[in-house]
Every structure is written in structure tokens, then in C-alpha cells.
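Below: coords02.txt (compact mmCIF, C-alpha atoms and all ligand atoms)
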```
# COMPACT_ATOMS: atom_id res chain seq x y z
CA MET A 1 -47.36 169.95 329.48
CA GLN A 2 -46.92 172.77 327.01
CA ALA A 3 -49.24 175.01 329.02
CA GLN A 4 -47.31 174.30 332.19
CA GLN A 5 -44.02 175.10 330.55
CA THR A 6 -45.42 178.37 329.26
CA ASN A 7 -46.77 179.12 332.69
CA SER A 8 -43.46 178.67 334.40
CA LYS A 9 -41.70 180.63 331.68
CA MET A 10 -44.11 183.50 332.26
CA GLN A 11 -43.66 183.27 336.01
CA LEU A 12 -39.91 183.57 335.66
CA LEU A 13 -40.38 187.12 334.36
CA SER A 14 -41.78 188.38 337.62
CA GLN A 15 -39.16 187.14 340.08
CA CYS A 16 -36.41 189.26 341.56
CA ALA A 17 -34.81 187.20 344.34
CA ALA A 18 -31.18 186.14 344.18
CA GLY A 19 -30.89 182.73 342.53
CA THR A 20 -33.95 183.18 340.32
CA PRO A 21 -33.23 183.64 336.60
CA ALA A 22 -34.63 187.18 336.39
CA GLY A 23 -33.12 188.04 339.77
CA GLU A 24 -29.69 187.08 338.45
CA VAL A 25 -30.24 189.15 335.29
CA LEU A 26 -31.24 192.16 337.39
CA ARG A 27 -28.16 191.77 339.58
CA GLN A 28 -25.91 192.50 336.62
CA PHE A 29 -26.95 196.18 336.63
CA TRP A 30 -26.77 199.33 338.68
CA HIS A 31 -30.20 200.26 340.10
CA PRO A 32 -31.33 203.46 341.78
CA ILE A 33 -32.38 202.55 345.31
CA ALA A 34 -33.16 205.88 347.02
CA THR A 35 -33.17 209.61 346.44
CA ALA A 36 -29.94 211.21 347.62
CA GLU A 37 -31.84 213.54 349.94
CA SER A 38 -33.63 210.69 351.72
CA VAL A 39 -30.63 209.85 353.91
CA ARG A 40 -28.41 212.47 355.57
CA ALA A 41 -24.84 212.18 356.80
CA GLY A 42 -24.78 210.08 359.98
CA GLU A 43 -28.23 208.58 359.28
CA ALA A 44 -29.26 204.98 358.55
CA LYS A 45 -32.44 203.61 356.96
CA SER A 46 -33.90 200.22 356.39
CA ILE A 47 -34.76 199.49 352.76
CA ARG A 48 -35.70 196.45 350.72
CA ILE A 49 -34.43 196.06 347.14
CA LEU A 50 -34.57 192.96 344.90
CA GLY A 51 -36.17 191.09 347.78
CA GLU A 52 -33.22 191.74 350.12
CA ASP A 53 -33.54 193.64 353.39
CA LEU A 54 -30.74 196.17 353.56
CA THR A 55 -29.34 199.07 355.55
CA LEU A 56 -28.64 202.27 353.66
CA TYR A 57 -26.53 204.72 355.63
CA ARG A 58 -24.29 207.71 355.12
CA GLY A 59 -21.04 207.90 356.99
CA GLU A 60 -20.17 211.08 358.80
CA SER A 61 -18.26 212.12 355.65
CA GLY A 62 -21.56 212.00 353.74
CA ALA A 63 -20.54 208.95 351.67
CA PRO A 64 -23.41 206.45 351.18
CA TYR A 65 -23.10 202.73 352.01
CA LEU A 66 -25.41 199.77 351.49
CA VAL A 67 -25.02 196.74 353.75
CA GLY A 68 -27.22 193.88 354.93
CA GLY A 69 -30.33 194.66 356.91
CA LEU A 70 -29.58 192.43 359.90
CA CYS A 71 -26.65 192.13 362.23
CA ALA A 72 -24.71 188.88 361.85
CA HIS A 73 -24.74 188.27 365.61
CA ARG A 74 -28.35 187.80 366.67
CA ARG A 75 -30.06 189.27 363.65
CA THR A 76 -31.50 192.53 364.88
CA LEU A 77 -32.11 195.41 362.50
CA LEU A 78 -28.90 197.26 361.88
CA HIS A 79 -30.35 200.64 360.93
CA THR A 80 -31.57 201.07 364.53
CA GLY A 81 -27.95 201.33 365.65
CA TRP A 82 -25.48 204.22 365.32
CA VAL A 83 -23.40 205.53 362.46
CA GLN A 84 -19.87 206.12 363.73
CA GLY A 85 -17.39 207.58 361.28
CA GLU A 86 -17.89 205.48 358.14
CA SER A 87 -19.14 202.45 360.10
CA ILE A 88 -22.45 201.37 361.58
CA ARG A 89 -22.71 199.90 365.05
CA CYS A 90 -25.48 197.48 366.05
CA ILE A 91 -27.82 198.63 368.82
CA TYR A 92 -27.97 195.23 370.51
CA HIS A 93 -24.38 194.29 371.47
CA GLY A 94 -22.38 196.88 369.62
CA TRP A 95 -20.89 194.93 366.73
CA ARG A 96 -19.51 197.48 364.29
CA TYR A 97 -19.49 197.02 360.48
CA ASP A 98 -17.69 198.94 357.74
CA GLY A 99 -19.30 199.91 354.42
CA SER A 100 -18.35 196.58 352.84
CA GLY A 101 -20.31 194.70 355.50
CA GLN A 102 -17.18 193.42 357.27
CA CYS A 103 -17.47 193.37 361.03
CA ARG A 104 -14.62 195.41 362.47
CA GLU A 105 -15.38 195.13 366.16
CA ALA A 106 -17.38 192.82 368.42
CA PRO A 107 -16.84 194.40 371.86
CA ALA A 108 -17.88 191.40 373.98
CA GLU A 109 -16.12 188.87 371.75
CA GLY A 110 -12.77 189.99 370.46
CA GLU A 111 -11.00 190.19 367.15
CA ALA A 112 -11.23 186.60 365.92
CA ILE A 113 -15.04 186.54 366.04
CA ALA A 114 -15.26 189.99 364.42
CA ALA A 115 -12.94 188.99 361.57
CA LYS A 116 -15.21 186.08 360.65
CA ALA A 117 -18.46 188.08 360.71
CA LYS A 118 -19.49 189.55 357.39
CA ILE A 119 -22.86 190.75 356.17
CA PRO A 120 -23.61 191.72 352.54
CA GLY A 121 -22.12 194.99 351.35
CA TYR A 122 -22.77 196.49 347.93
CA ALA A 123 -21.17 199.16 345.76
CA VAL A 124 -23.04 202.47 345.65
CA THR A 125 -22.70 205.68 343.71
CA GLN A 126 -24.67 208.88 343.31
CA TYR A 127 -25.99 210.34 340.10
CA CYS A 128 -28.55 213.05 339.40
CA GLY A 129 -29.89 213.12 342.94
CA LEU A 130 -30.23 209.33 343.16
CA ILE A 131 -28.24 206.70 345.03
CA PHE A 132 -27.49 203.70 342.81
CA ALA A 133 -26.37 200.27 343.97
CA TYR A 134 -24.82 197.28 342.26
CA MET A 135 -26.02 194.10 343.96
CA GLY A 136 -24.35 191.52 341.74
CA LYS A 137 -21.38 189.30 342.37
CA GLY A 138 -17.86 190.53 341.77
CA ALA A 139 -16.73 194.00 340.81
CA ALA A 140 -19.38 196.49 339.77
CA PRO A 141 -19.50 197.38 336.08
CA GLU A 142 -18.58 200.88 334.99
CA PHE A 143 -21.38 203.31 335.82
CA ASP A 144 -22.33 203.94 332.21
CA LEU A 145 -25.70 202.53 331.14
CA PRO A 146 -27.79 204.61 333.58
CA ARG A 147 -26.21 207.86 332.41
CA LYS A 148 -27.98 210.07 329.86
CA GLY A 149 -26.41 213.02 328.11
CA ALA A 150 -29.74 214.81 328.41
CA PHE A 151 -29.40 214.82 332.24
CA GLU A 152 -25.87 216.18 332.19
CA LYS A 153 -26.26 219.30 330.05
CA PRO A 154 -25.75 222.70 331.62
CA GLY A 155 -28.78 224.81 332.43
CA LEU A 156 -30.98 222.09 333.90
CA VAL A 157 -32.93 221.85 337.10
CA VAL A 158 -32.56 218.16 338.02
CA LEU A 159 -35.03 216.75 340.53
CA ALA A 160 -35.35 213.19 341.79
CA ARG A 161 -38.50 211.52 343.05
CA LYS A 162 -39.61 208.04 344.08
CA GLN A 163 -42.81 206.19 344.94
CA ILE A 164 -43.55 202.57 345.78
CA TRP A 165 -46.45 200.72 344.15
CA PRO A 166 -47.81 197.44 345.55
CA CYS A 167 -47.45 195.37 342.39
CA ASN A 168 -44.91 193.33 340.51
CA TRP A 169 -42.05 195.17 338.79
CA PHE A 170 -42.35 193.43 335.45
CA GLN A 171 -45.82 194.72 334.70
CA MET A 172 -44.52 198.23 335.36
CA VAL A 173 -41.63 197.61 332.96
CA GLU A 174 -44.06 196.28 330.36
CA ASN A 175 -46.06 199.50 330.60
CA SER A 176 -42.98 201.42 329.38
CA LEU A 177 -43.06 199.40 326.14
CA ASP A 178 -46.78 199.76 325.55
CA ALA A 179 -47.21 202.90 323.44
CA VAL A 180 -50.91 202.35 322.73
CA HIS A 181 -51.85 202.79 326.38
CA VAL A 182 -50.99 206.48 326.07
CA SER A 183 -53.91 206.99 323.68
CA PHE A 184 -56.35 205.73 326.30
CA VAL A 185 -54.98 205.82 329.83
CA HIS A 186 -53.64 209.35 329.54
CA LEU A 187 -56.52 210.87 327.63
CA ALA A 188 -59.13 210.18 330.28
CA GLY A 189 -60.05 213.33 332.16
CA LYS A 190 -58.03 216.47 332.40
CA VAL A 191 -54.54 215.91 331.07
CA GLY A 192 -53.03 219.32 330.39
CA PRO A 193 -50.21 219.81 327.86
CA PHE A 194 -49.52 216.08 327.61
CA GLY A 195 -53.01 215.43 326.25
CA GLU A 196 -52.61 218.21 323.71
CA ALA A 197 -49.37 216.72 322.45
CA VAL A 198 -50.29 213.05 322.46
CA THR A 199 -53.52 212.69 320.55
CA SER A 200 -55.99 209.84 320.81
CA GLY A 201 -54.96 208.45 317.40
CA ILE A 202 -53.73 204.87 317.48
CA PRO A 203 -50.02 205.09 316.70
CA GLN A 204 -48.09 203.05 314.20
CA LEU A 205 -45.48 201.23 316.22
CA GLU A 206 -41.90 200.21 315.71
CA TYR A 207 -39.70 198.50 318.26
CA HIS A 208 -36.14 197.40 317.79
CA GLU A 209 -33.33 196.24 320.02
CA THR A 210 -30.45 198.69 320.46
CA ASP A 211 -27.08 198.53 322.24
CA ALA A 212 -28.82 199.90 325.32
CA GLY A 213 -32.25 198.26 325.20
CA ILE A 214 -35.28 198.92 323.00
CA ARG A 215 -36.12 201.95 320.89
CA GLN A 216 -39.83 202.58 320.65
CA VAL A 217 -41.29 204.77 317.90
CA ALA A 218 -44.98 205.65 317.99
CA THR A 219 -46.12 207.62 314.96
CA ARG A 220 -49.46 209.37 315.31
CA ALA A 221 -48.98 211.86 312.43
CA ALA A 222 -46.10 213.12 310.29
CA ASN A 223 -45.44 215.83 312.88
CA ASN A 224 -46.35 213.75 315.91
CA ILE A 225 -43.80 211.01 316.43
CA ARG A 226 -43.11 209.95 319.97
CA ILE A 227 -39.80 208.16 320.47
CA SER A 228 -38.46 206.69 323.66
CA ASP A 229 -35.25 204.86 324.41
CA TRP A 230 -35.74 202.15 326.95
CA SER A 231 -32.59 200.73 328.58
CA PHE A 232 -32.30 197.16 329.78
CA PRO A 233 -33.48 195.98 332.24
CA ASN A 234 -35.88 198.56 333.71
CA ASN A 235 -35.26 202.16 332.67
CA ASN A 236 -37.27 204.35 330.35
CA HIS A 237 -36.07 207.65 328.93
CA ILE A 238 -38.92 209.79 327.72
CA VAL A 239 -39.71 213.44 327.20
CA THR A 240 -42.91 214.94 328.48
CA PRO A 241 -44.36 218.45 328.25
CA GLY A 242 -43.45 220.99 330.90
CA ARG A 243 -45.83 222.61 333.35
CA SER A 244 -47.35 224.97 330.82
CA LYS A 245 -47.73 225.05 327.06
CA GLN A 246 -44.87 227.55 326.86
CA SER A 247 -42.46 225.48 328.95
CA ALA A 248 -39.72 223.42 327.35
CA TRP A 249 -40.17 219.65 327.39
CA VAL A 250 -38.70 217.71 330.29
CA HIS A 251 -36.37 214.73 329.94
CA ARG A 252 -37.29 211.99 332.34
CA GLY A 253 -35.54 208.83 333.36
CA VAL A 254 -37.77 206.37 335.18
CA TRP A 255 -36.55 203.11 336.70
CA ASN A 256 -38.92 200.40 337.92
CA VAL A 257 -36.86 198.71 340.59
CA PRO A 258 -38.20 195.61 342.33
CA VAL A 259 -38.54 196.05 346.08
CA ASP A 260 -39.72 192.44 346.14
CA ASP A 261 -42.03 190.42 343.88
CA HIS A 262 -45.08 192.42 345.01
CA HIS A 263 -43.72 195.95 345.42
CA THR A 264 -41.93 198.18 342.94
CA MET A 265 -40.02 201.41 343.41
CA LYS A 266 -40.74 203.85 340.61
CA ILE A 267 -37.79 206.14 340.95
CA GLY A 268 -36.32 208.67 338.61
CA VAL A 269 -35.11 212.01 337.45
CA TYR A 270 -36.77 215.06 335.96
CA ALA A 271 -34.26 217.13 333.94
CA ILE A 272 -36.06 220.44 333.47
CA PRO A 273 -34.55 223.13 331.22
CA SER A 274 -33.99 226.24 333.28
CA GLU A 275 -36.35 229.10 332.41
CA GLY A 276 -34.65 231.70 334.59
CA PRO A 277 -34.63 232.18 338.36
CA GLU A 278 -38.26 233.24 338.71
CA LYS A 279 -39.75 230.39 336.66
CA ASP A 280 -37.31 227.88 338.21
CA ARG A 281 -38.49 228.90 341.66
CA GLU A 282 -42.08 228.25 340.53
CA THR A 283 -41.02 224.84 339.21
CA LEU A 284 -39.47 223.96 342.56
CA GLU A 285 -42.61 225.12 344.36
CA HIS A 286 -44.68 223.01 342.00
CA PHE A 287 -42.61 219.94 342.88
CA GLU A 288 -42.77 220.82 346.54
CA ARG A 289 -46.53 220.93 346.34
CA TYR A 290 -47.35 218.01 344.03
CA GLY A 291 -44.17 215.98 343.54
CA ASP A 292 -44.54 213.65 346.52
CA TYR A 293 -47.89 212.32 345.35
CA ASN A 294 -48.07 208.53 345.33
CA PRO A 295 -51.20 207.02 343.75
CA ALA A 296 -50.82 203.97 346.01
CA HIS A 297 -51.81 206.22 348.93
CA HIS A 298 -55.08 207.06 347.13
CA HIS A 299 -55.91 203.56 345.95
CA ASP A 300 -59.52 203.43 347.17
CA ALA A 301 -60.35 206.94 345.93
CA LEU A 302 -58.96 206.09 342.50
CA PHE A 303 -60.60 202.68 342.16
CA ASN A 304 -63.87 203.09 344.04
CA GLU A 305 -64.69 206.77 343.60
CA LYS A 306 -62.85 207.50 340.35
CA LYS A 307 -61.53 210.55 342.12
CA TRP A 308 -58.59 211.80 340.08
CA PRO A 309 -55.91 214.15 341.44
CA ASP A 310 -55.64 217.73 340.15
CA ASP A 311 -52.11 218.25 338.90
CA PRO A 312 -51.73 216.88 335.35
CA SER A 313 -48.03 216.05 335.19
CA LEU A 314 -46.95 215.03 338.70
CA GLN A 315 -50.19 213.50 339.93
CA LEU A 316 -52.73 212.64 337.24
CA THR A 317 -50.36 210.88 334.82
CA PRO A 318 -48.96 208.48 337.44
CA ALA A 319 -52.46 207.97 338.87
CA GLN A 320 -53.72 206.94 335.43
CA ASP A 321 -50.88 204.46 334.96
CA TYR A 322 -51.44 203.19 338.49
CA VAL A 323 -55.10 202.41 337.84
CA ALA A 324 -54.31 200.59 334.60
CA ILE A 325 -51.39 198.60 336.04
CA MET A 326 -52.84 197.86 339.49
CA GLY A 327 -56.08 196.88 337.73
CA GLN A 328 -54.12 193.90 336.38
CA GLY A 329 -53.65 192.73 339.98
CA ARG A 330 -50.50 192.67 342.04
CA LEU A 331 -49.12 190.00 339.77
CA VAL A 332 -50.87 189.69 336.42
CA ASP A 333 -51.71 186.22 335.09
CA ARG A 334 -49.89 186.37 331.75
CA ASN A 335 -51.18 182.96 330.76
CA ALA A 336 -54.69 184.32 330.51
CA GLU A 337 -53.72 187.23 328.23
CA ARG A 338 -54.67 187.62 324.58
CA LEU A 339 -51.88 189.60 323.03
CA GLY A 340 -52.34 191.42 319.73
CA THR A 341 -50.06 192.94 317.11
CA SER A 342 -49.83 196.20 319.04
CA ASP A 343 -48.14 194.32 321.90
CA ALA A 344 -44.97 193.94 319.83
CA GLY A 345 -42.92 195.88 322.40
CA ILE A 346 -44.00 193.61 325.23
CA VAL A 347 -43.26 190.51 323.16
CA LEU A 348 -39.78 191.82 322.31
CA LEU A 349 -39.13 192.75 325.94
CA ARG A 350 -40.03 189.26 327.19
CA ARG A 351 -37.94 187.58 324.48
CA ILE A 352 -34.90 189.61 325.48
CA PHE A 353 -35.36 188.77 329.17
CA TRP A 354 -35.76 185.06 328.44
CA ARG A 355 -32.72 185.14 326.15
CA GLU A 356 -30.54 186.76 328.84
CA MET A 357 -31.88 184.40 331.53
CA ASP A 358 -31.03 181.42 329.32
CA LYS A 359 -27.50 182.70 328.80
CA ILE A 360 -26.94 182.96 332.54
CA HIS A 361 -28.46 179.50 333.04
CA ARG A 362 -26.09 178.02 330.43
CA GLY A 363 -23.12 179.92 331.82
CA GLU A 364 -22.71 181.95 328.62
CA ALA A 365 -21.69 185.59 328.38
CA VAL A 366 -24.64 187.97 328.61
CA LYS A 367 -25.07 190.90 326.26
CA GLN A 368 -22.85 193.85 327.13
CA TRP A 369 -25.40 196.64 327.12
CA ARG A 370 -23.95 200.06 326.39
CA ARG A 371 -25.23 203.59 326.65
CA LEU A 372 -26.27 204.86 323.23
CA GLU A 373 -23.55 207.02 321.67
CA GLU A 374 -26.03 209.16 319.82
CA PRO A 375 -29.28 209.12 321.67
CA VAL A 376 -32.18 210.12 319.50
CA ASP A 377 -33.62 213.58 319.83
CA LEU A 378 -36.83 212.87 321.70
CA PRO A 379 -39.40 213.44 320.25
CA VAL A 380 -39.20 214.97 316.78
CA GLN A 381 -40.01 218.65 316.66
CA GLY A 382 -43.62 219.44 316.09
CA ALA A 383 -44.94 216.89 318.50
CA ALA A 384 -45.51 219.56 321.10
CA GLU A 385 -47.46 221.84 318.84
S1 LIG B 401 -27.42 191.43 367.51
FE1 LIG B 401 -26.06 192.91 366.77
S2 LIG B 401 -24.44 192.93 368.16
FE2 LIG B 401 -25.77 191.41 368.89
FE FE B 402 -48.45 205.79 331.06
```

Please express what this file holds, its structure, as C-alpha cells.
Ligand code: FES
Ligand SMILES: [Fe+2]
Amino acid sequence: MQAQQTNSKMQLLSQCAAGTPAGEVLRQFWHPIATAESVRAGEAKSIRILGEDLTLYRGESGAPYLVGGLCAHRRTLLHTGWVQGESIRCIYHGWRYDGSGQCREAPAEGEAIAAKAKIPGYAVTQYCGLIFAYMGKGAAPEFDLPRKGAFEKPGLVVLARKQIWPCNWFQMVENSLDAVHVSFVHLAGKVGPFGEAVTSGIPQLEYHETDAGIRQVATRAANNIRISDWSFPNNNHIVTPGRSKQSAWVHRGVWNVPVDDHHTMKIGVYAIPSEGPEKDRETLEHFERYGDYNPAHHHDALFNEKKWPDDPSLQLTPAQDYVAIMGQGRLVDRNAERLGTSDAGIVLLRRIFWREMDKIHRGEAVKQWRRLEEPVDLPVQGAAE
């Protein structure tokens, strides 16, 4: 009985659909759902987020909208239709929807039928080259928690990237709160400046809950302390070395957004301190060349041939994480784990999720997560040397 209860409690962590406890927790937050450049004015795309099939389109004004994936009439895919003004018209019989999902016109039916037809429509906003959506009930919260002062400073080159991995979102979130993995996963092979900065020493770990999520401190030496601020429910803010030893460190925000229970969108921002026009052009070229790498497209080469990609920061690091996380399976069996003391971050993470799920289940107010007023300087100086 006990084992079964534990099993179902563990399983709850991996679900994202509406009506599931974790799915309802996730729906209280803004999530990045696409890079801003992935959809142009007048274009529509089909996307799946939190297990829901959706249509992402930009009106002719350039404003983004997120509505249901299927037309209310006879359920064909809406993105195959036409964007007209700020609306989208279905290809099949021409029903036209506004950005809230309300049908405004059903040409072969008339106004009464159109007025009653509504598909989902969600609030969207753009930030740092990403399109964010709020898929919860009621009014969207203020767009505050996803923001980071480090992304908004002058003199930054801000680039957004995304990739989709074929595994459950929660094991990708857990990886963010597992500092020990860095000493192993990211030291294998050729790792460039990151490997020089993050030594193979086993860090001393501290995790504590903050207003925004969990602060993680991994101390490898007095001058090598790696700190990250993880924000509930799925964002990590880290700093990583730049392209070369001389380059300034890069602030990165990475969100692990469930596509469904077996696919996760790893989407985020690189905030790169400008090094002048010449060097910035090289950085852009570097991203152009290596930034669209997705380890999922090289699954067999990574697992069967141990063939690692060349570029340390944009390719090798995600490939290493991919092998470790996908090696757990698409959905890890947490009941069969043997956690140790170094898994304190994962234990804290799960406790917080269960606590928030319980609050929703009991109809109690959930924690009001807030952006940190004074985010820590990440990491302490000296770590890069
Ligand atoms: S299925 Fe969309 S208008 Fe008929
Ligand atoms: Fe990693």
C-alpha cells in the first residue's frame, strides 16, 4: 500500500495535462513557448505545449496570438488556414477566430452560430526574443517572475534558442538542481572554458528555498563557488563561460517547458556581454553555425557511437546532458532510485512541487513566487580563473 502511494506520488511529478495536479501548478505561470523569430507577421504554426495542441500566429500587425489547435466546427487544423488582420480563418469552411479564440464569423452559418463558437485563447507576451504564454484560468499574472535584471542591462547581445527532447520535463528540471552532475557529465571529453572553470572536485552543496524558487550553491574551492538561482516551476538562471577564455561570462535563462509528458522544450536566452562590433559579429556567426544543434537529432551517434559534437558550449554541453538525461529513459522510474545526500536539491524540488499540488487540491492559496529583488552575482569572482 505504502509503495503504491509512493508510486503514484512520484508519477504525479511527471504529468502536465490540464486537470492533473502538476499540470494545474504549471498553468499558474508564464512559459516561453517559441522563439520570437520562429513566426512572422501573417504566419501561423501548430505547436503543442502542456499537452495541448495549439495555433500560434502573428496578426498582420505583428502581434502574437495563441489559440486552440483545432477549429470548433469540424476540428481541422487551424494553422493551415489564413491569417487575416488580427484573426485566423479556417481552411475548411472559413470560420474566422480572433486572438481570444472567439469565432467572429461563420460564413455558411450566420452570426448566432459564430457567437457560440469559442476555442481556447491564451495571453501571450514577448520578452528577450521569446514568446511567452499564460495557459491558466482567469487573468494572467503580472509578467514578473520570468524577468531577470541580467538580461535587461545595456550592452548585451541577447539570443534565443530552443530544442525539443523526447523525454519527460520533470527529469530535465531535476537536472537543473543536480550540481554534482557537472563534475562528471561535463568533464567527459573536450569541454573548453567550462571544463577549466568547473573542476572535477565534488562540490559541497547548499540548497534553500527563495521567494523565486531554489538557490543552489556548489562550492568546489574558496575561489570556485558556482551559484545558480532556479525559479519555480521550470527555469534555471546560470552563468557559463563565453566562447573563449578571454570572453566575459554569459547569463543564461533556460526553461524546460513540457510539450507533453514525453517531450520537453528546452528554450531560453543567452545574454552575452558585447565585446565590440567585430567580436559581436563573430558571436553571431558562432550561433549561426552551431546554435541550432539539437542532440535529439544525433541520438544514435551519441548513444551507439559515442560520437560527440565539436563545439563545446552550444553543442557538447547540451549533448552531454542529453545522454545523461535520456539515458534515464523517456520517463524515469523514480521508485527504483536510490537517492543519496547529494540529491538534496532534487528532494527539495519534489517537496515544493508536492506542497503546491496539495494546496491546489485543497483549494488553498498557492505560494506567490516573486522575482528576486537582489539576485546574487553569479558566480563569485575567481571561478573563471
Ligand atoms: S472545420 Fe473549420 S470551418 Fe469547418
Ligand atoms: Fe548539465

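Checking A:Trp354, A:Tyr322, A:Phe287, A:Tyr270 one by one against ligand FE 402 (chain B), counting only C-alpha atoms and all ligand atoms, you find the shortest gap at A:Tyr322.
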
Ligand LIG 401 (chain B): which residues are within 12 Å, counting all atoms listed in the file, as a ChimeraX atom specification?
/A:68-82,88-97,103-109,113-114,117-119

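One finds atom CA of A:Arg289 at 19.0 Å from atom CA of A:Arg252.
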
Which residue of A:Leu314, A:Ala139, A:Ala319, A:Leu54 approaches ligand FE 402 (chain B) most closely, using all atoms listed in the file:
A:Ala319

Is it possible to get the residues within 9 Å of (-44.8, 185.1, 334.9) (coordinates as in the file, counting all atoms listed in the file) written as a ChimeraX atom specification?
/A:6-15,170,331-335

Check every protein, DNA and RNA residue against ligand FE 402 (chain B), keep those with an atom at most 7 Å away (counting only C-alpha atoms and all ligand atoms), and present them as a PyMOL selection string.
chain A and resi 175+181-182+185-186+317-318+320-321

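Atom pair atom CA of A:Val180 / atom CA of A:Ile202 has a distance of 6.5 Å (rounded to one decimal).
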
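Coordinates place atom CA of A:Ala212 at a distance of 6.3 Å from atom CA of A:Phe232.
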
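For A:Gly345, the set of protein, DNA and RNA residues having any atom at most 6 Å away, when counting only C-alpha atoms and skipping those fewer than 2 positions along the same chain, is Leu177, Tyr207, Asp343, Val347 and Leu348 of chain A.
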
Neighbouring residues of stretch 274-285 of chain A were defined as those with any atom within 6 Å, considering all atoms listed in the file; residues of the same chain fewer than 2 positions away were excluded. Please report them as a PyMOL selection string.
chain A and resi 155-157+287-288

With a distance cut-off of 8 Å and all atoms listed in the file, select the neighbouring residues of A:Pro32, excluding the residue or stretch itself and same-chain residues fewer than 2 positions from it, and output the selection as number ranges by chain.
A: 30, 34-35, 130-133, 255, 257, 267-268

Within-10 Å shell of (-27.0, 204.1, 352.1) in input frame, only C-alpha atoms, as a ChimeraX atom specification
/A:33-34,36,38-41,43-47,54-59,62-67,99,122-125,131-133

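Closest to A:Tyr127 among A:Val269, A:Leu302, A:Leu26, A:Ala296 is A:Val269, based on all atoms listed in the file.
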
Find, counting all atoms listed in the file, the residue in A:Ile325, A:Ala344, A:Ala336, A:Val259 that gets nearest to A:Asp53.
A:Val259

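Closest approach to A:Thr20 among A:Ile360, A:Val158, A:Cys167, A:Ile346: A:Ile360, based on all atoms listed in the file.
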
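Between A:His286 and the candidates A:Ala112, A:Thr240, A:Leu159, A:Arg351, the tightest atom-to-atom separation, counting all atoms listed in the file, involves A:Leu159.
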